[in-house]
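See below for structure_37.pdb, which holds PDB, C-alpha atoms, pLDDT in the B column.
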ATOM      1  CA  MET A   1      20.673  20.097 -72.646  1.00 50.00           C
ATOM      2  CA  SER A   2      20.617  20.035 -68.847  1.00 67.00           C
ATOM      3  CA  THR A   3      23.093  22.264 -66.991  1.00 80.00           C
ATOM      4  CA  LEU A   4      23.385  19.515 -64.357  1.00 91.00           C
ATOM      5  CA  PHE A   5      24.901  16.855 -66.645  1.00 93.00           C
ATOM      6  CA  PRO A   6      24.977  15.903 -70.341  1.00 94.00           C
ATOM      7  CA  VAL A   7      21.765  14.033 -71.212  1.00 96.00           C
ATOM      8  CA  ILE A   8      22.242  11.279 -73.801  1.00 97.00           C
ATOM      9  CA  HIS A   9      18.632  10.079 -73.893  1.00 97.00           C
ATOM     10  CA  GLU A  10      15.407  10.695 -72.009  1.00 96.00           C
ATOM     11  CA  ASP A  11      11.888   9.301 -72.251  1.00 95.00           C
ATOM     12  CA  HIS A  12       9.031   8.659 -69.803  1.00 94.00           C
ATOM     13  CA  GLU A  13      10.847   5.749 -68.110  1.00 96.00           C
ATOM     14  CA  LEU A  14      14.558   6.166 -68.739  1.00 97.00           C
ATOM     15  CA  LEU A  15      17.210   8.865 -68.352  1.00 97.00           C
ATOM     16  CA  VAL A  16      20.691   8.213 -69.745  1.00 98.00           C
ATOM     17  CA  ILE A  17      23.489  10.496 -68.532  1.00 97.00           C
ATOM     18  CA  ASN A  18      27.137  11.058 -69.401  1.00 97.00           C
ATOM     19  CA  LYS A  19      28.341  11.333 -65.795  1.00 97.00           C
ATOM     20  CA  PRO A  20      31.155  13.842 -65.335  1.00 95.00           C
ATOM     21  CA  ALA A  21      34.378  12.648 -63.751  1.00 95.00           C
ATOM     22  CA  ASP A  22      34.827  13.441 -60.032  1.00 94.00           C
ATOM     23  CA  LEU A  23      31.137  13.144 -59.175  1.00 95.00           C
ATOM     24  CA  VAL A  24      29.873  10.501 -56.739  1.00 94.00           C
ATOM     25  CA  CYS A  25      26.730   8.572 -57.649  1.00 94.00           C
ATOM     26  CA  HIS A  26      25.244   8.233 -54.170  1.00 87.00           C
ATOM     27  CA  PRO A  27      23.899  11.067 -51.982  1.00 81.00           C
ATOM     28  CA  SER A  28      26.475  13.080 -50.053  1.00 78.00           C
ATOM     29  CA  LYS A  29      26.311  15.543 -47.170  1.00 72.00           C
ATOM     30  CA  ASN A  30      27.433  18.443 -49.380  1.00 77.00           C
ATOM     31  CA  GLY A  31      24.136  19.232 -51.076  1.00 78.00           C
ATOM     32  CA  GLU A  32      22.235  17.976 -54.102  1.00 84.00           C
ATOM     33  CA  LEU A  33      24.770  19.217 -56.645  1.00 89.00           C
ATOM     34  CA  SER A  34      27.547  17.137 -55.058  1.00 89.00           C
ATOM     35  CA  SER A  35      26.120  13.764 -56.199  1.00 94.00           C
ATOM     36  CA  LEU A  36      24.694  12.364 -59.411  1.00 95.00           C
ATOM     37  CA  ILE A  37      21.461  11.167 -57.774  1.00 94.00           C
ATOM     38  CA  GLY A  38      21.018  14.606 -56.205  1.00 93.00           C
ATOM     39  CA  ARG A  39      21.356  16.253 -59.611  1.00 94.00           C
ATOM     40  CA  VAL A  40      18.957  13.702 -61.098  1.00 95.00           C
ATOM     41  CA  ARG A  41      16.319  14.671 -58.531  1.00 93.00           C
ATOM     42  CA  LEU A  42      16.820  18.341 -59.377  1.00 93.00           C
ATOM     43  CA  HIS A  43      16.455  17.499 -63.075  1.00 94.00           C
ATOM     44  CA  LEU A  44      13.326  15.360 -62.685  1.00 94.00           C
ATOM     45  CA  GLY A  45      11.583  17.182 -59.860  1.00 90.00           C
ATOM     46  CA  ALA A  46      10.926  16.651 -56.166  1.00 79.00           C
ATOM     47  CA  ASP A  47       8.019  14.210 -56.612  1.00 86.00           C
ATOM     48  CA  THR A  48      10.027  11.618 -58.556  1.00 89.00           C
ATOM     49  CA  ARG A  49      11.669   8.394 -57.314  1.00 92.00           C
ATOM     50  CA  PRO A  50      14.629   7.801 -59.625  1.00 95.00           C
ATOM     51  CA  HIS A  51      16.726   4.627 -59.414  1.00 96.00           C
ATOM     52  CA  LEU A  52      20.338   4.318 -60.576  1.00 96.00           C
ATOM     53  CA  VAL A  53      20.474   1.180 -62.733  1.00 97.00           C
ATOM     54  CA  ASN A  54      24.276   1.164 -62.831  1.00 96.00           C
ATOM     55  CA  ARG A  55      26.908   3.060 -60.870  1.00 94.00           C
ATOM     56  CA  LEU A  56      30.380   4.303 -61.665  1.00 96.00           C
ATOM     57  CA  ASP A  57      33.288   5.109 -59.382  1.00 94.00           C
ATOM     58  CA  ARG A  58      33.577   8.771 -58.462  1.00 94.00           C
ATOM     59  CA  GLU A  59      36.456   9.450 -60.860  1.00 96.00           C
ATOM     60  CA  THR A  60      35.064   7.380 -63.745  1.00 97.00           C
ATOM     61  CA  SER A  61      33.084   9.324 -66.333  1.00 97.00           C
ATOM     62  CA  GLY A  62      30.479   8.037 -68.730  1.00 98.00           C
ATOM     63  CA  LEU A  63      27.150   6.328 -69.227  1.00 98.00           C
ATOM     64  CA  THR A  64      24.838   5.988 -66.256  1.00 98.00           C
ATOM     65  CA  LEU A  65      21.241   4.791 -66.602  1.00 98.00           C
ATOM     66  CA  VAL A  66      18.437   6.085 -64.395  1.00 97.00           C
ATOM     67  CA  ALA A  67      15.035   4.380 -64.211  1.00 97.00           C
ATOM     68  CA  LYS A  68      12.177   6.792 -63.564  1.00 96.00           C
ATOM     69  CA  THR A  69       9.703   4.110 -62.448  1.00 95.00           C
ATOM     70  CA  ASP A  70       9.842   1.180 -60.043  1.00 96.00           C
ATOM     71  CA  THR A  71       8.839  -1.196 -62.865  1.00 97.00           C
ATOM     72  CA  ALA A  72      11.657  -0.075 -65.152  1.00 97.00           C
ATOM     73  CA  ALA A  73      14.121  -0.281 -62.248  1.00 97.00           C
ATOM     74  CA  ARG A  74      13.140  -3.887 -61.510  1.00 97.00           C
ATOM     75  CA  GLU A  75      13.306  -4.960 -65.143  1.00 97.00           C
ATOM     76  CA  LEU A  76      16.613  -3.276 -65.870  1.00 97.00           C
ATOM     77  CA  GLY A  77      18.071  -4.398 -62.552  1.00 96.00           C
ATOM     78  CA  ARG A  78      17.311  -7.990 -63.559  1.00 97.00           C
ATOM     79  CA  ILE A  79      19.136  -7.504 -66.866  1.00 97.00           C
ATOM     80  CA  TRP A  80      22.191  -6.186 -65.010  1.00 95.00           C
ATOM     81  CA  SER A  81      22.154  -8.893 -62.333  1.00 93.00           C
ATOM     82  CA  GLN A  82      21.949 -11.595 -65.014  1.00 93.00           C
ATOM     83  CA  ARG A  83      24.875  -9.975 -66.886  1.00 92.00           C
ATOM     84  CA  ARG A  84      22.826  -9.543 -70.061  1.00 95.00           C
ATOM     85  CA  VAL A  85      24.440  -6.202 -70.830  1.00 97.00           C
ATOM     86  CA  SER A  86      27.517  -5.422 -72.907  1.00 97.00           C
ATOM     87  CA  LYS A  87      29.745  -2.664 -71.493  1.00 97.00           C
ATOM     88  CA  GLU A  88      32.500  -0.806 -73.310  1.00 98.00           C
ATOM     89  CA  TYR A  89      35.032   1.508 -71.680  1.00 98.00           C
ATOM     90  CA  LEU A  90      37.907   3.655 -72.904  1.00 98.00           C
ATOM     91  CA  ALA A  91      41.077   3.769 -70.829  1.00 98.00           C
ATOM     92  CA  ILE A  92      44.390   5.597 -71.172  1.00 98.00           C
ATOM     93  CA  VAL A  93      47.168   3.513 -69.623  1.00 98.00           C
ATOM     94  CA  HIS A  94      50.874   3.951 -69.000  1.00 98.00           C
ATOM     95  CA  GLY A  95      53.223   2.300 -71.504  1.00 98.00           C
ATOM     96  CA  HIS A  96      52.745   0.724 -74.911  1.00 98.00           C
ATOM     97  CA  VAL A  97      50.674  -2.439 -74.587  1.00 98.00           C
ATOM     98  CA  ASP A  98      52.376  -5.096 -76.727  1.00 97.00           C
ATOM     99  CA  ALA A  99      49.393  -7.269 -77.682  1.00 97.00           C
ATOM    100  CA  ASP A 100      46.841  -5.703 -80.027  1.00 98.00           C
ATOM    101  CA  CYS A 101      44.028  -7.421 -78.141  1.00 98.00           C
ATOM    102  CA  GLY A 102      43.454 -10.075 -75.507  1.00 98.00           C
ATOM    103  CA  THR A 103      41.631 -11.130 -72.357  1.00 98.00           C
ATOM    104  CA  ILE A 104      42.897 -10.690 -68.815  1.00 98.00           C
ATOM    105  CA  ASP A 105      41.679 -13.630 -66.729  1.00 98.00           C
ATOM    106  CA  ALA A 106      42.675 -13.158 -63.080  1.00 98.00           C
ATOM    107  CA  PRO A 107      40.617 -13.681 -59.884  1.00 98.00           C
ATOM    108  CA  LEU A 108      40.062 -10.715 -57.603  1.00 98.00           C
ATOM    109  CA  GLY A 109      39.726 -10.340 -53.840  1.00 97.00           C
ATOM    110  CA  LYS A 110      40.543  -8.057 -50.924  1.00 97.00           C
ATOM    111  CA  ASP A 111      44.108  -6.766 -50.675  1.00 97.00           C
ATOM    112  CA  GLU A 112      44.775  -7.541 -47.032  1.00 96.00           C
ATOM    113  CA  SER A 113      48.284  -6.050 -47.131  1.00 95.00           C
ATOM    114  CA  SER A 114      47.178  -2.584 -48.288  1.00 95.00           C
ATOM    115  CA  ARG A 115      46.695   0.476 -46.117  1.00 95.00           C
ATOM    116  CA  VAL A 116      43.774   1.426 -48.379  1.00 95.00           C
ATOM    117  CA  ALA A 117      40.682  -0.291 -46.984  1.00 94.00           C
ATOM    118  CA  ILE A 118      38.811  -0.358 -50.317  1.00 95.00           C
ATOM    119  CA  ARG A 119      41.704  -1.771 -52.348  1.00 97.00           C
ATOM    120  CA  ASP A 120      41.354  -5.202 -53.953  1.00 98.00           C
ATOM    121  CA  CYS A 121      43.958  -7.229 -55.827  1.00 98.00           C
ATOM    122  CA  VAL A 122      44.587 -10.291 -57.967  1.00 98.00           C
ATOM    123  CA  ARG A 123      44.681 -13.331 -55.675  1.00 97.00           C
ATOM    124  CA  ALA A 124      44.386 -17.061 -56.333  1.00 97.00           C
ATOM    125  CA  ASP A 125      41.427 -17.536 -53.988  1.00 97.00           C
ATOM    126  CA  GLY A 126      39.516 -14.536 -55.344  1.00 97.00           C
ATOM    127  CA  ALA A 127      36.351 -14.330 -57.421  1.00 98.00           C
ATOM    128  CA  SER A 128      36.616 -15.160 -61.111  1.00 98.00           C
ATOM    129  CA  ALA A 129      37.074 -12.050 -63.306  1.00 98.00           C
ATOM    130  CA  GLN A 130      37.729 -11.522 -67.017  1.00 98.00           C
ATOM    131  CA  THR A 131      38.407  -8.317 -68.931  1.00 98.00           C
ATOM    132  CA  GLY A 132      38.815  -8.039 -72.696  1.00 98.00           C
ATOM    133  CA  PHE A 133      40.872  -5.269 -74.269  1.00 98.00           C
ATOM    134  CA  GLU A 134      41.865  -3.885 -77.661  1.00 98.00           C
ATOM    135  CA  VAL A 135      44.565  -1.318 -78.342  1.00 98.00           C
ATOM    136  CA  LEU A 136      43.107   1.605 -80.276  1.00 98.00           C
ATOM    137  CA  ARG A 137      46.246   3.713 -80.295  1.00 97.00           C
ATOM    138  CA  ARG A 138      49.801   3.762 -79.005  1.00 97.00           C
ATOM    139  CA  PHE A 139      51.165   7.277 -78.567  1.00 96.00           C
ATOM    140  CA  ARG A 140      53.587   9.492 -76.677  1.00 95.00           C
ATOM    141  CA  GLN A 141      53.380  12.658 -74.674  1.00 94.00           C
ATOM    142  CA  GLY A 142      56.926  13.969 -74.686  1.00 91.00           C
ATOM    143  CA  ASP A 143      59.145  10.934 -74.032  1.00 93.00           C
ATOM    144  CA  ALA A 144      56.497   9.013 -72.103  1.00 96.00           C
ATOM    145  CA  PRO A 145      54.594   6.146 -73.813  1.00 97.00           C
ATOM    146  CA  PHE A 146      50.859   5.610 -73.389  1.00 98.00           C
ATOM    147  CA  SER A 147      48.120   3.446 -74.920  1.00 98.00           C
ATOM    148  CA  LEU A 148      44.440   4.110 -75.552  1.00 98.00           C
ATOM    149  CA  LEU A 149      42.405   0.953 -74.982  1.00 98.00           C
ATOM    150  CA  ARG A 150      38.873  -0.214 -75.637  1.00 98.00           C
ATOM    151  CA  VAL A 151      37.970  -2.375 -72.647  1.00 98.00           C
ATOM    152  CA  GLN A 152      35.090  -4.808 -72.167  1.00 98.00           C
ATOM    153  CA  PRO A 153      34.578  -6.286 -68.692  1.00 97.00           C
ATOM    154  CA  HIS A 154      32.989  -9.738 -68.920  1.00 96.00           C
ATOM    155  CA  THR A 155      32.363  -9.824 -65.177  1.00 94.00           C
ATOM    156  CA  GLY A 156      31.476  -7.013 -62.805  1.00 92.00           C
ATOM    157  CA  ARG A 157      33.905  -7.112 -59.888  1.00 95.00           C
ATOM    158  CA  LYS A 158      34.762  -4.005 -57.878  1.00 95.00           C
ATOM    159  CA  HIS A 159      37.535  -1.969 -59.543  1.00 97.00           C
ATOM    160  CA  GLN A 160      37.952  -4.828 -62.039  1.00 98.00           C
ATOM    161  CA  ILE A 161      39.255  -2.865 -65.026  1.00 98.00           C
ATOM    162  CA  ARG A 162      41.626  -0.808 -62.902  1.00 98.00           C
ATOM    163  CA  ILE A 163      43.081  -3.835 -61.115  1.00 98.00           C
ATOM    164  CA  HIS A 164      43.415  -5.981 -64.228  1.00 98.00           C
ATOM    165  CA  LEU A 165      45.192  -3.301 -66.249  1.00 98.00           C
ATOM    166  CA  ALA A 166      47.551  -2.504 -63.375  1.00 98.00           C
ATOM    167  CA  HIS A 167      48.200  -6.244 -63.000  1.00 98.00           C
ATOM    168  CA  THR A 168      49.491  -6.351 -66.595  1.00 98.00           C
ATOM    169  CA  GLY A 169      51.904  -3.489 -65.864  1.00 97.00           C
ATOM    170  CA  HIS A 170      49.761  -0.853 -67.586  1.00 98.00           C
ATOM    171  CA  ALA A 171      47.967   1.086 -64.860  1.00 98.00           C
ATOM    172  CA  ILE A 172      45.340   3.634 -65.827  1.00 98.00           C
ATOM    173  CA  VAL A 173      46.745   7.156 -65.919  1.00 98.00           C
ATOM    174  CA  GLY A 174      45.708   9.108 -62.829  1.00 97.00           C
ATOM    175  CA  ASP A 175      44.703   6.057 -60.777  1.00 98.00           C
ATOM    176  CA  LYS A 176      45.459   6.905 -57.147  1.00 97.00           C
ATOM    177  CA  ILE A 177      44.831   3.422 -55.752  1.00 97.00           C
ATOM    178  CA  TYR A 178      46.288   1.100 -58.398  1.00 97.00           C
ATOM    179  CA  GLY A 179      48.759   3.403 -60.139  1.00 96.00           C
ATOM    180  CA  GLY A 180      51.793   2.305 -58.142  1.00 92.00           C
ATOM    181  CA  ASP A 181      51.665   4.866 -55.320  1.00 93.00           C
ATOM    182  CA  GLU A 182      48.689   4.070 -53.119  1.00 91.00           C
ATOM    183  CA  ASP A 183      49.754   6.877 -50.772  1.00 93.00           C
ATOM    184  CA  ALA A 184      48.360   9.213 -53.436  1.00 94.00           C
ATOM    185  CA  TYR A 185      44.871   8.031 -52.480  1.00 94.00           C
ATOM    186  CA  LEU A 186      45.530   8.396 -48.756  1.00 94.00           C
ATOM    187  CA  ALA A 187      47.053  11.828 -49.360  1.00 93.00           C
ATOM    188  CA  LEU A 188      43.956  12.900 -51.307  1.00 93.00           C
ATOM    189  CA  VAL A 189      41.612  11.718 -48.548  1.00 91.00           C
ATOM    190  CA  GLU A 190      43.735  13.384 -45.870  1.00 94.00           C
ATOM    191  CA  GLY A 191      44.080  16.659 -47.794  1.00 92.00           C
ATOM    192  CA  ARG A 192      47.857  16.460 -48.230  1.00 95.00           C
ATOM    193  CA  LEU A 193      48.217  15.576 -51.919  1.00 93.00           C
ATOM    194  CA  GLY A 194      51.273  17.580 -52.948  1.00 93.00           C
ATOM    195  CA  PRO A 195      52.460  18.999 -56.278  1.00 95.00           C
ATOM    196  CA  GLU A 196      54.882  16.124 -56.964  1.00 94.00           C
ATOM    197  CA  GLN A 197      52.159  13.498 -56.553  1.00 95.00           C
ATOM    198  CA  ARG A 198      49.730  15.562 -58.642  1.00 94.00           C
ATOM    199  CA  ALA A 199      52.316  15.846 -61.416  1.00 95.00           C
ATOM    200  CA  ALA A 200      52.950  12.082 -61.358  1.00 94.00           C
ATOM    201  CA  LEU A 201      49.215  11.390 -61.632  1.00 96.00           C
ATOM    202  CA  ILE A 202      49.005  13.733 -64.678  1.00 97.00           C
ATOM    203  CA  PHE A 203      45.194  14.070 -64.381  1.00 96.00           C
ATOM    204  CA  PRO A 204      43.083  15.115 -61.375  1.00 95.00           C
ATOM    205  CA  THR A 205      40.928  12.030 -62.043  1.00 96.00           C
ATOM    206  CA  HIS A 206      41.774   8.653 -63.542  1.00 97.00           C
ATOM    207  CA  ALA A 207      41.417   8.205 -67.311  1.00 98.00           C
ATOM    208  CA  LEU A 208      38.573   5.678 -67.462  1.00 98.00           C
ATOM    209  CA  HIS A 209      35.363   6.391 -69.371  1.00 98.00           C
ATOM    210  CA  ALA A 210      32.227   4.251 -69.723  1.00 98.00           C
ATOM    211  CA  ARG A 211      31.575   4.750 -73.429  1.00 98.00           C
ATOM    212  CA  ALA A 212      28.831   2.304 -74.465  1.00 98.00           C
ATOM    213  CA  LEU A 213      26.046   0.098 -73.116  1.00 98.00           C
ATOM    214  CA  ARG A 214      24.132  -2.471 -75.158  1.00 98.00           C
ATOM    215  CA  PHE A 215      21.252  -4.654 -73.961  1.00 98.00           C
ATOM    216  CA  HIS A 216      17.843  -6.063 -74.936  1.00 97.00           C
ATOM    217  CA  TRP A 217      14.814  -4.763 -73.029  1.00 97.00           C
ATOM    218  CA  ARG A 218      11.169  -5.481 -73.724  1.00 94.00           C
ATOM    219  CA  GLY A 219      11.996  -7.225 -76.967  1.00 94.00           C
ATOM    220  CA  GLU A 220      14.087  -4.371 -78.385  1.00 96.00           C
ATOM    221  CA  ALA A 221      17.827  -3.778 -78.709  1.00 97.00           C
ATOM    222  CA  HIS A 222      19.062  -0.669 -76.904  1.00 97.00           C
ATOM    223  CA  GLU A 223      22.440   0.948 -77.440  1.00 98.00           C
ATOM    224  CA  PHE A 224      23.750   4.142 -75.882  1.00 98.00           C
ATOM    225  CA  CYS A 225      27.147   5.745 -76.513  1.00 98.00           C
ATOM    226  CA  CYS A 226      28.943   8.889 -75.360  1.00 97.00           C
ATOM    227  CA  GLU A 227      32.434  10.246 -75.870  1.00 96.00           C
ATOM    228  CA  PRO A 228      34.813  11.243 -73.066  1.00 96.00           C
ATOM    229  CA  GLU A 229      35.520  14.767 -71.876  1.00 94.00           C
ATOM    230  CA  ASP A 230      37.890  17.050 -73.783  1.00 94.00           C
ATOM    231  CA  TRP A 231      40.875  16.495 -71.438  1.00 95.00           C
ATOM    232  CA  PHE A 232      40.681  12.758 -72.093  1.00 96.00           C
ATOM    233  CA  SER A 233      40.336  13.028 -75.873  1.00 93.00           C
ATOM    234  CA  GLY A 234      42.992  15.721 -76.155  1.00 94.00           C
ATOM    235  CA  PHE A 235      45.603  13.749 -74.253  1.00 95.00           C
ATOM    236  CA  SER A 236      44.994  10.514 -76.195  1.00 90.00           C
ATOM    237  CA  ALA A 237      45.530  12.408 -79.450  1.00 85.00           C
ATOM    238  CA  GLY A 238      49.248  12.715 -78.638  1.00 73.00           C
ATOM    239  CA  SER A 239      51.954  11.943 -81.156  1.00 72.00           C
ATOM    240  CA  GLY A 240      52.231   8.383 -82.456  1.00 69.00           C
TER     241      GLY A 240
END
Show how you would write the structure in this file as C-alpha cells.
Amino acid sequence: MSTLFPVIHEDHELLVINKPADLVCHPSKNGELSSLIGRVRLHLGADTRPHLVNRLDRETSGLTLVAKTDTAARELGRIWSQRRVSKEYLAIVHGHVDADCGTIDAPLGKDESSRVAIRDCVRADGASAQTGFEVLRRFRQGDAPFSLLRVQPHTGRKHQIRIHLAHTGHAIVGDKIYGGDEDAYLALVEGRLGPEQRAALIFPTHALHARALRFHWRGEAHEFCCEPEDWFSGFSAGSG
C-alpha cells in the first residue's frame, strides 16, 4: 500500500487510485505532494510519463485512472471521449429525497449571474445533461434529514452531479458552490471562511465519492470499485 494514496490496482500499464478528498489532480505550485499527478510521479519514479485518464474535482474523492504508457492513454482516452464507460458515485445530500429512483434531465451552462466564475447552472440553452439516481438510505443526524444516493451521470458536464442534485432541492452536503451559500466558496478562496459557515457546511469537503468505473478495453470487461473515507461512511450511517 502506497503512503501517497490508496492503490486499488496496478499493472505494467495502469494505476488505479482512490483519490483522497481535498487533493487537486493537476500540478500545483506547492510541491509534488500537493497534487495527485505529483504523487503519481513520486510513486512511479522520475523517468515515467503518467497520464490521468479521468479527473475529479479537488473535493471529490474516489477512483482515478492513470495510464503509464502513451498507448494506454490514447486507447483509454478514446473510451472516455466516446462515453463508453459507466460511472457510479455516492453522494450525501440534504433532505429526504422522495422518489426512490429517477433521472434528472436538465441542460447545463454558465451561470452568468454568479459571482463565482466557475459556477454553472441549469439553463434552457445549455448543453444536454442527464443524471440517474437511486436512494440507498434516508437517515437523520439529530433533527436534520439526509439521503445517501447512488448516482450515475449519463453525460459528463462540468459539476453535473452537484448542479443537478442542487437543482432538485437536495444539494450535496458540504458543497460550497451549489449548497445555497456561494459566498462560502469565495470565503474559502479569500481565507475568510468563518466558524458559522464551516458549521453549516458540516464537512470540510463536499460529500461526493467516485465509487465505481466499468468499461471494456482490449476485448475484456474491467471494473474497479472503492469505498469512501471513514468520515463519509460514518455520517451516512446515521439513524433511520
Can you write out as a Markdown table which residues of stretch 27-129 of chain A fall within 12 Å of stretch 156-174 of chain A, alongside each residue's closest atom pair and its distance in Å to one decimal, counting only C-alpha atoms and ordering rows by chain and ascending residue number?
| residue | atom | partner | partner_atom | distance |
| --- | --- | --- | --- | --- |
| A:Asn54 | CA | A:Gly156 | CA | 10.9 |
| A:Arg55 | CA | A:Lys158 | CA | 11.0 |
| A:Leu56 | CA | A:His159 | CA | 9.7 |
| A:Asp57 | CA | A:His159 | CA | 8.3 |
| A:Arg58 | CA | A:His159 | CA | 11.5 |
| A:Glu59 | CA | A:Gly174 | CA | 9.5 |
| A:Thr60 | CA | A:Arg162 | CA | 10.5 |
| A:Trp80 | CA | A:Gly156 | CA | 9.6 |
| A:Ser81 | CA | A:Gly156 | CA | 9.5 |
| A:Gln82 | CA | A:Gly156 | CA | 10.8 |
| A:Arg83 | CA | A:Gly156 | CA | 8.3 |
| A:Arg84 | CA | A:Gly156 | CA | 11.6 |
| A:Val85 | CA | A:Gly156 | CA | 10.7 |
| A:Ser86 | CA | A:Gly156 | CA | 11.0 |
| A:Lys87 | CA | A:Gly156 | CA | 9.9 |
| A:Glu88 | CA | A:Ile161 | CA | 10.9 |
| A:Tyr89 | CA | A:Ile161 | CA | 9.0 |
| A:Leu90 | CA | A:Ile172 | CA | 10.3 |
| A:Ala91 | CA | A:Ile172 | CA | 6.6 |
| A:Ile92 | CA | A:Ile172 | CA | 5.8 |
| A:Val93 | CA | A:Ile172 | CA | 4.2 |
| A:His94 | CA | A:His170 | CA | 5.1 |
| A:Gly95 | CA | A:His170 | CA | 6.1 |
| A:His96 | CA | A:His170 | CA | 8.1 |
| A:Val97 | CA | A:His170 | CA | 7.2 |
| A:Asp98 | CA | A:His170 | CA | 10.4 |
| A:Ala99 | CA | A:Thr168 | CA | 11.1 |
| A:Gly102 | CA | A:Thr168 | CA | 11.4 |
| A:Thr103 | CA | A:His164 | CA | 9.8 |
| A:Ile104 | CA | A:His164 | CA | 6.6 |
| A:Asp105 | CA | A:His164 | CA | 8.2 |
| A:Ala106 | CA | A:His164 | CA | 7.3 |
| A:Pro107 | CA | A:His164 | CA | 9.3 |
| A:Leu108 | CA | A:Arg157 | CA | 7.5 |
| A:Gly109 | CA | A:Arg157 | CA | 9.0 |
| A:Lys110 | CA | A:Lys158 | CA | 9.9 |
| A:Asp111 | CA | A:Ile163 | CA | 10.9 |
| A:Ile118 | CA | A:Lys158 | CA | 9.3 |
| A:Arg119 | CA | A:His159 | CA | 8.3 |
| A:Asp120 | CA | A:Ile163 | CA | 7.5 |
| A:Cys121 | CA | A:Ile163 | CA | 6.3 |
| A:Val122 | CA | A:Ile163 | CA | 7.3 |
| A:Arg123 | CA | A:His167 | CA | 10.8 |
| A:Gly126 | CA | A:Arg157 | CA | 10.4 |
| A:Ala127 | CA | A:Arg157 | CA | 8.0 |
| A:Ser128 | CA | A:Arg157 | CA | 8.6 |
| A:Ala129 | CA | A:Arg157 | CA | 6.8 |
Work out how far apart atom CA of A:Pro204 and atom CA of A:Leu23 are and give it in Å to one decimal.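 Those two atoms sit 12.3 Å apart.
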Could you please determine the separation between atom CA of A:Val151 and atom CA of A:Ser233 in Å, to one decimal place?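 So the answer is 15.9 Å.
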Within 9 Å of stretch 139-143 of chain A, counting all atoms listed in the file, which residues qualify if same-chain residues fewer than 4 places away don't, as a list in words?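 That gives Gly95, His96, Ser147, Leu148, Phe235, Ser236, Ala237, Gly238, Ser239 and Gly240 of chain A.
The two atoms in question, atom CA of A:Gln152 and atom CA of A:Ile17, are spaced 19.5 Å apart.
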Residues near stretch 3-11 of chain A, cut-off 12 Å, only C-alpha atoms, skip fewer than 5 positions along chain, as a ChimeraX atom specification: /A:16-21,23,32-44,61-69,72,211-213,222-229
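Comparing the minimum interatomic distances between A:Asp22 and each of A:Glu112, A:Ala221, A:Ala210, A:Thr205, counting only C-alpha atoms, we find that A:Thr205 sits nearest.
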Starting from the sparse input, extend stretch 170-183 of chain A to N, CA and C atoms and give the output as a CSV table (one decimal), in the frame of the given file.
chain,number,residue,atom,x,y,z
A,170,HIS,N,50.2,-2.0,-66.8
A,170,HIS,CA,49.8,-0.9,-67.6
A,170,HIS,C,48.6,-0.2,-66.8
A,171,ALA,N,49.0,0.4,-65.7
A,171,ALA,CA,48.0,1.1,-64.9
A,171,ALA,C,47.3,2.2,-65.6
A,172,ILE,N,46.1,2.5,-65.2
A,172,ILE,CA,45.3,3.6,-65.8
A,172,ILE,C,46.0,4.9,-65.3
A,173,VAL,N,46.2,5.9,-66.3
A,173,VAL,CA,46.7,7.2,-65.9
A,173,VAL,C,45.8,7.9,-64.9
A,174,GLY,N,46.4,8.4,-63.8
A,174,GLY,CA,45.7,9.1,-62.8
A,174,GLY,C,45.1,8.3,-61.7
A,175,ASP,N,45.3,6.9,-61.8
A,175,ASP,CA,44.7,6.1,-60.8
A,175,ASP,C,45.5,6.2,-59.5
A,176,LYS,N,44.8,6.7,-58.4
A,176,LYS,CA,45.5,6.9,-57.1
A,176,LYS,C,45.6,5.7,-56.3
A,177,ILE,N,44.8,4.6,-56.6
A,177,ILE,CA,44.8,3.4,-55.8
A,177,ILE,C,45.7,2.4,-56.4
A,178,TYR,N,45.6,2.2,-57.7
A,178,TYR,CA,46.3,1.1,-58.4
A,178,TYR,C,47.4,1.6,-59.3
A,179,GLY,N,47.8,2.9,-59.2
A,179,GLY,CA,48.8,3.4,-60.1
A,179,GLY,C,50.2,3.2,-59.7
A,180,GLY,N,50.4,2.5,-58.6
A,180,GLY,CA,51.8,2.3,-58.1
A,180,GLY,C,52.2,3.1,-56.9
A,181,ASP,N,51.4,4.1,-56.5
A,181,ASP,CA,51.7,4.9,-55.3
A,181,ASP,C,50.3,5.0,-54.6
A,182,GLU,N,50.0,4.0,-53.8
A,182,GLU,CA,48.7,4.1,-53.1
A,182,GLU,C,48.6,5.2,-52.1
A,183,ASP,N,49.8,5.7,-51.7
A,183,ASP,CA,49.8,6.9,-50.8
A,183,ASP,C,49.1,8.1,-51.4
